[in-house]
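> This is the content of work_5.tsv (TSV, C-alpha atoms):
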```tsv
chain	number	residue	atom	x	y	z
T	1	MET	CA	0.00	0.00	0.00
T	2	THR	CA	1.37	3.40	-1.02
T	3	ILE	CA	0.12	6.74	0.22
T	4	THR	CA	1.67	9.58	-1.74
T	5	ILE	CA	1.45	13.02	-0.19
T	6	GLU	CA	2.41	15.88	-2.52
T	7	VAL	CA	3.13	19.25	-0.92
T	8	PRO	CA	4.64	22.17	-2.82
T	9	GLU	CA	7.89	23.43	-1.30
T	10	SER	CA	6.30	26.74	-0.30
T	11	TYR	CA	3.61	24.95	1.76
T	12	ARG	CA	5.87	22.38	3.46
T	13	PRO	CA	6.52	24.47	6.61
T	14	LEU	CA	2.74	24.58	7.17
T	15	VAL	CA	1.96	20.89	6.63
T	16	ASP	CA	2.62	17.98	8.99
T	17	ILE	CA	3.10	15.28	6.35
T	18	GLU	CA	3.60	12.54	8.97
T	19	LEU	CA	0.27	13.39	10.63
T	20	LEU	CA	-1.53	13.29	7.28
T	21	GLN	CA	0.05	9.89	6.61
T	22	GLN	CA	-1.04	8.71	10.06
T	23	ALA	CA	-4.59	10.01	9.48
T	24	ILE	CA	-4.92	8.15	6.16
T	25	ASP	CA	-3.43	4.99	7.68
T	26	CYS	CA	-5.94	5.25	10.52
T	27	VAL	CA	-8.89	5.50	8.12
T	28	LEU	CA	-7.74	2.58	5.99
T	29	ALA	CA	-7.10	0.38	9.04
T	30	ALA	CA	-10.43	1.27	10.66
T	31	GLU	CA	-12.28	0.50	7.42
T	32	SER	CA	-10.27	-2.66	6.70
T	33	ALA	CA	-9.38	-1.14	3.34
T	34	GLU	CA	-6.27	-1.62	1.27
T	35	GLY	CA	-5.08	0.41	-1.64
T	36	ASP	CA	-2.92	3.20	-2.92
T	37	LEU	CA	-3.95	6.83	-2.92
T	38	THR	CA	-2.59	10.32	-3.41
T	39	VAL	CA	-3.11	13.40	-1.27
T	40	LYS	CA	-2.18	16.65	-2.98
T	41	ILE	CA	-1.94	19.91	-1.07
T	42	THR	CA	-2.49	22.71	-3.57
T	43	ASP	CA	-3.78	26.24	-4.05
T	44	ASP	CA	-7.30	27.63	-4.34
T	45	ASP	CA	-7.06	28.11	-8.11
T	46	GLU	CA	-6.40	24.45	-8.89
T	47	VAL	CA	-9.19	23.27	-6.60
T	48	ALA	CA	-11.58	25.90	-8.01
T	49	ALA	CA	-10.90	24.71	-11.57
T	50	LEU	CA	-11.53	21.07	-10.61
T	51	ASN	CA	-14.60	22.02	-8.58
T	52	GLN	CA	-16.03	23.73	-11.68
T	53	GLN	CA	-14.99	20.97	-14.09
T	54	PHE	CA	-16.23	17.99	-12.09
T	55	LEU	CA	-18.94	19.35	-9.79
T	56	GLY	CA	-20.15	22.38	-11.74
T	57	LYS	CA	-19.55	24.61	-8.72
T	58	GLU	CA	-17.79	27.95	-8.88
T	59	GLY	CA	-14.89	28.79	-6.62
T	60	PRO	CA	-12.57	26.82	-4.40
T	61	THR	CA	-13.56	24.47	-1.63
T	62	ASP	CA	-11.56	22.83	1.14
T	63	VAL	CA	-11.23	19.28	-0.15
T	64	LEU	CA	-12.10	17.29	-3.25
T	65	SER	CA	-11.98	13.51	-3.46
T	66	PHE	CA	-11.80	11.60	-6.71
T	67	PRO	CA	-12.44	7.89	-6.10
T	68	ALA	CA	-10.91	5.58	-8.67
T	69	GLY	CA	-13.53	3.94	-10.84
T	70	PRO	CA	-13.80	0.25	-11.62
T	71	ASP	CA	-12.06	0.76	-14.97
T	72	ASP	CA	-9.13	2.69	-13.47
T	73	ASP	CA	-7.32	-0.60	-12.79
T	74	ALA	CA	-8.18	-2.11	-16.16
T	75	PHE	CA	-4.65	-3.31	-16.87
T	76	VAL	CA	-4.58	-6.97	-15.89
T	77	LEU	CA	-1.44	-8.37	-14.28
T	78	PRO	CA	-0.44	-12.02	-14.43
T	79	PRO	CA	-2.06	-14.11	-11.65
T	80	ASP	CA	1.21	-14.50	-9.75
T	81	GLU	CA	1.65	-10.72	-9.36
T	82	ALA	CA	-0.36	-9.10	-6.60
T	83	GLN	CA	-2.14	-5.93	-7.56
T	84	THR	CA	-2.98	-3.23	-5.02
T	85	PRO	CA	-6.10	-1.30	-5.98
T	86	TYR	CA	-5.85	2.43	-6.54
T	87	LEU	CA	-8.40	4.14	-4.29
T	88	GLY	CA	-8.16	7.64	-5.75
T	89	ASP	CA	-6.98	11.19	-5.17
T	90	ILE	CA	-7.62	13.77	-2.47
T	91	LEU	CA	-6.91	17.45	-3.18
T	92	ILE	CA	-6.82	20.00	-0.38
T	93	ALA	CA	-6.72	23.75	-1.04
T	94	LEU	CA	-4.32	25.07	1.60
T	95	PRO	CA	-5.24	28.78	1.49
T	96	TYR	CA	-8.95	27.96	1.70
T	97	THR	CA	-8.24	25.55	4.54
T	98	GLN	CA	-6.26	28.21	6.42
T	99	ARG	CA	-9.21	30.62	6.25
T	100	GLN	CA	-11.65	27.89	7.22
T	101	ALA	CA	-9.55	26.88	10.22
T	102	GLU	CA	-9.41	30.49	11.42
T	103	ARG	CA	-13.20	30.87	11.14
T	104	ALA	CA	-13.75	27.61	13.02
T	105	GLY	CA	-11.19	28.39	15.74
T	106	ARG	CA	-9.14	25.33	14.82
T	107	SER	CA	-5.44	25.03	14.10
T	108	LEU	CA	-4.31	24.46	10.52
T	109	ARG	CA	-2.88	21.12	11.68
T	110	GLU	CA	-6.30	20.03	13.00
T	111	GLU	CA	-8.12	21.23	9.88
T	112	LEU	CA	-5.73	19.46	7.49
T	113	THR	CA	-6.09	16.24	9.50
T	114	LEU	CA	-9.87	16.55	9.41
T	115	LEU	CA	-9.80	17.05	5.63
T	116	ALA	CA	-7.47	14.09	5.08
T	117	VAL	CA	-9.82	11.86	7.09
T	118	HIS	CA	-12.87	13.34	5.34
T	119	GLY	CA	-11.35	12.87	1.89
T	120	ALA	CA	-10.26	9.30	2.60
T	121	LEU	CA	-13.75	8.41	3.82
T	122	HIS	CA	-15.14	9.75	0.53
T	123	LEU	CA	-12.72	7.51	-1.38
T	124	LEU	CA	-14.13	4.56	0.56
T	125	GLY	CA	-17.73	5.36	-0.32
T	126	TYR	CA	-18.90	7.61	2.49
T	127	ASP	CA	-20.97	10.65	1.54
T	128	HIS	CA	-23.02	13.40	3.14
T	129	ALA	CA	-25.62	14.14	0.46
T	130	THR	CA	-28.53	13.15	2.72
T	131	PRO	CA	-29.03	13.77	6.46
T	132	GLU	CA	-28.62	10.03	7.15
T	133	GLU	CA	-25.41	9.79	5.14
T	134	LYS	CA	-24.07	12.92	6.83
T	135	SER	CA	-24.87	11.55	10.28
T	136	ASP	CA	-23.08	8.26	9.47
T	137	MET	CA	-20.08	9.98	7.91
T	138	TRP	CA	-19.70	12.55	10.70
T	139	ALA	CA	-19.93	9.85	13.38
T	140	ARG	CA	-17.21	7.80	11.65
T	141	GLN	CA	-15.08	10.87	10.97
T	142	ASN	CA	-15.33	12.09	14.56
T	143	ALA	CA	-14.43	8.67	15.95
T	144	LEU	CA	-11.32	8.58	13.76
T	145	LEU	CA	-10.36	12.16	14.64
T	146	SER	CA	-10.73	11.38	18.33
T	147	GLY	CA	-8.30	8.48	17.92
T	148	LEU	CA	-5.83	10.93	16.39
T	149	GLY	CA	-6.27	13.45	19.22
T	150	ILE	CA	-8.13	15.94	17.02
T	151	PRO	CA	-11.33	17.64	18.25
T	152	PRO	CA	-14.46	16.42	16.44
T	153	LEU	CA	-16.30	18.42	13.81
T	154	GLU	CA	-19.73	19.55	14.88
T	155	GLU	CA	-22.60	19.02	12.46
```
Represent the structure contained in this file as structure tokens.

Amino acid sequence: MTITIEVPESYRPLVDIELLQQAIDCVLAAESAEGDLTVKITDDDEVAALNQQFLGKEGPTDVLSFPAGPDDDAFVLPPDEAQTPYLGDILIALPYTQRQAERAGRSLREELTLLAVHGALHLLGYDHATPEEKSDMWARQNALLSGLGIPPLEE
């Protein structure tokens, strides 16, 4: 299993890469999931463009998750070679996240951890489109955050 975390040089002093790795590991272990994924810390412009392109929404947001589809692993390996599934990509807009953390009275470290957990849960099929889904996802997310020593997100 490979978790790739991409952080531009200019953002590295602000991002605890080891904590993000730990957060993703925690989600995968708790969900008994295996697979590779990528977390990319980026700017508001890149997230805004993807938000428009894939969700039809204007402007940046905090986190976008792009689960890998069933055809994303279409290349078939020989039976004797193990293949780890690719779970998808998580993009986090750092400037947006900084502003959001300030408004919520949370540290950037806490907010980035929350978004890593949130994004990973999306890759594993969790959603919050309905009140029931949101309740389930927030309960799972808060339990995982608690295990990481991060205050829970209120609904």
> Using only C-alpha atoms - which residues lie no farther than 10 Å from the point (-1.0, -3.0, -3.2) in the file's frame? Write them as a PyMOL selection string.
chain T and resi 1-2+34-36+82-86
> Give me the residues near range 107-112 of chain T as a PyMOL selection string, where near means some atom within 10 Å (using all atoms listed in the file) and where sequence neighbours in that chain fewer than 2 positions away do not count.
chain T and resi 14-17+19-20+23+41+62-63+92-94+97-102+104-105+114-118+145+148-153
> From the list T:Ala129, T:Thr113, T:Leu124, T:Asp89, which residue is nearest Asn142 in chain T when using only C-alpha atoms?
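For Asn142 in chain T, the nearest of the candidates is T:Thr113.
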> Find, counting only C-alpha atoms, the residue in T:Gly59, T:Arg140, T:Glu154, T:Ile5 that gets nearest to Cys26 in chain T.
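So, comparing all the options, the nearest one is T:Arg140.
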> Please measure the separation of CA of Thr4 in chain T and CA of Ala139 in chain T, giving the value in Å to one decimal.
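Taking CA of Thr4 in chain T and CA of Ala139 in chain T, their separation equals 26.4 Å.
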> Can you measure CA of Glu133 in chain T to CA of Leu121 in chain T for me? One decimal in Å is fine.
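We find that CA of Glu133 in chain T and CA of Leu121 in chain T lie 11.8 Å from each other.
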> Would you work out the distance separating CA of Pro67 in chain T from CA of Leu87 in chain T, expressed in Å to one decimal?
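According to the coordinates, CA of Pro67 in chain T and CA of Leu87 in chain T are separated by 5.8 Å.
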> Select, from T:Val47, T:Leu91, T:Ile3, T:Leu123, the residue with the minimum atom-to-atom distance to Gly69 in chain T, counting only C-alpha atoms.
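Comparing T:Val47, T:Leu91, T:Ile3, T:Leu123 against Gly69 in chain T, the winner is T:Leu123.
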> Here is a test: counting all atoms listed in the file, which residue of T:Ala68, T:Val27, T:Met137, T:Leu55 is nearest to Ala120 in chain T?
T:Val27
